[in-house]
Amino acid sequence: MDDDLRKVSLCKKGDLDAFEELVIKYQKKMLNISFRMIGNYEEACEVVQDAFVSAYKHITDFEGRSGFSTWLCSIVINLSRNRLKQSKAALGRELFSMDDPITTESGFISIEPASQDPNALEQLEKKELQEKIQDCIGRLDPDFRSVLVLRDIQGFSYEEVSGALNINPGTVKSRLFRARDSMRDCLKKSLGRL
Amino acid sequence: MECDKCKERLSHYMEGLLDPEKTTLVRTHLDSCEECRGVYSELKKAVEHIRELEEVEPPRWMTQKIMDRVKEEKEKKGIWRRMFYPLHVKLPIEAAATLIIAITAIYVFKAAEHDFKTAVLRPGEVVEKPLSTEDKIRNDVAEPSKAGKESASDVTAGKTEPAAGQTEVHRASPADTPQNIFKEKPSIGAAQPARSLQQPVREKDLRGEGGAEFEKPESMDAGNAKTRMEYFVRPKREELKHKPAAAEPMEEISKAAPKEAAVPSHEINLTLGVRDIDNVMDEIKKVLSNLDGRTILSDTDRDKAILIIEVENRKVVELLEKLGSIGELREETPSSEIMEKTVRIRINFKKMPIR
């Protein structure tokens, strides 16, 4: 029996330690999926917590036809999409400039001292690139975004993506093509070149 | 191959998902088309960038927070289960309890329905009252009659025999002492509904203070009856006991009766079958006023009505003749010779179907 399935079986009998092991094993993966879907770390953390609690509540519904991680992933994707809808409805898209001054709680402007590290510029560039990629991901429609996140970021197989999103493999391929093409277009505009 | 078609297949080509034939076609096109080659290069770099995205680390507190929430959830689940656990045991118990309640309710309802139609007679509560001098005289006149041999103890034991043309009294069950249940079946017609009997306690009241005229000599029975026009009867003890409970106004009559105690009178019990009770009632009242009689009580209730009147002895015959012409008259009580100056007549109206 698959190790995950064995732990799930113990969870169904009320073994919290087994569930904790599953949490430790998958929390990082689920957090990254949610973070790439939402683009906000704190909200992604909340979504992951909700997803694990929801998984525990409905653990008896898990029949083992797909892997536990695939099942858990579908919960995270759904909750992330719900969170996106709520955020859009509540705030719309909040834009801010990276150059905006930062006001601390004490009212002072926090000034970051210049780094003496010779790789600082490289790190800054890398960070900026990551943000731009994330920004481009955030511009994708959630249907395309979820396919891209699972396939290109998490490395799911087409079958796993199909199972997690409950769509057929042909749809996965077509959505993935469009998502990648949109990303290429977005990054080219954002970075100036590829 | 056209550029658009090639670009559509670049994503799959990149991952090696195309079949060999399409792969060759795309590769050939890319070799000859600089634009598509440039797009393919950009696509590969874009995917590389995406795959190079750094992973974020979960906060240290995350596992603990998740498990805290899971434990809370488990406790809630436990409380919920305690409330309804074990459902597979509780459900059959609840179903059985519901069934028992339903059966009991039906049983009680049926038992009560029976009680509605019957009255309870407590033999021990029947009070033997000393006969008045007048009654004793009447007893002597009536002796020795067959029906008159009925003793009070027989009555209390439920051994009453229905006199000719009188009500039948049935004992429901010999085992239900002290509550012998009697059902009265009027002999007038089978279609007439059974009437409930009055409780002895009430009877005692009605026979009490000044109610001597209702106290009957046991022997005043049908055996001495001559004709309806000549002789009249007073109610026997059991008849008093077995008065219809349905005729509530009768209780009022009984209570009112002692007030008339100063004027001794016989009571004649009649049944008058009519089609229109109200009209007949008015008509009888007119006749009564012509005969200088008076109405003691008049009560109408849907298909039943009771009229109690008093007339002088000498006018009774005339009154009964007129009643006979108004409706289908039937005498309910055994006759006896009239002794008093005034006679009380109780007329029970029975609605006849209109043909």
# chains A, B, ... in the order shown; residues from 1 in each chain; ligands from 1
>>> interface_residues(of="chain B", to="chain A", cutoff="6 Å", atoms="only C-alpha atoms", output="list in words")
Ser11, Glu42, Leu43, Ala46, Arg51, Pro58, Ile66 and Val70 of chain B
>>> residues_around(residues="Ser69 of chain A", least_positions_apart="5", cutoff="9 Å", atoms="only C-alpha atoms", output="number ranges by chain")
A: 4, 26, 30, 74, 164
>>> residues_around(residues="Asn348 of chain B", least_positions_apart="4", cutoff="9 Å", atoms="only C-alpha atoms", output="JSON, numbers by chain")
{"B": [269, 270, 271, 272, 273, 304, 305, 306, 307, 308]}
>>> write_last_selection(atoms="N, CA and C atoms", output="tab-separated table (two decimals), in the first residue's frame")
chain	number	residue	atom	x	y	z
B	269	ASN	N	-93.17	9.79	30.27
B	269	ASN	CA	-92.03	9.87	29.34
B	269	ASN	C	-92.50	9.47	27.95
B	270	LEU	N	-92.42	10.41	27.03
B	270	LEU	CA	-92.92	10.16	25.68
B	270	LEU	C	-91.83	10.41	24.64
B	271	THR	N	-92.01	9.74	23.55
B	271	THR	CA	-91.16	10.04	22.40
B	271	THR	C	-92.07	10.45	21.26
B	272	LEU	N	-91.71	11.57	20.66
B	272	LEU	CA	-92.55	12.07	19.58
B	272	LEU	C	-91.71	12.21	18.31
B	273	GLY	N	-92.04	11.42	17.34
B	273	GLY	CA	-91.32	11.49	16.07
B	273	GLY	C	-91.92	12.56	15.19
B	304	LYS	N	-82.34	16.51	18.01
B	304	LYS	CA	-83.01	16.08	19.23
B	304	LYS	C	-83.58	17.30	19.94
B	305	ALA	N	-84.60	17.03	20.69
B	305	ALA	CA	-85.15	18.12	21.50
B	305	ALA	C	-85.89	17.49	22.68
B	306	ILE	N	-85.95	18.25	23.73
B	306	ILE	CA	-86.68	17.78	24.91
B	306	ILE	C	-87.61	18.89	25.37
B	307	LEU	N	-88.79	18.49	25.69
B	307	LEU	CA	-89.77	19.46	26.21
B	307	LEU	C	-90.40	18.84	27.44
B	308	ILE	N	-90.33	19.58	28.52
B	308	ILE	CA	-90.96	19.08	29.75
B	308	ILE	C	-92.07	20.06	30.14
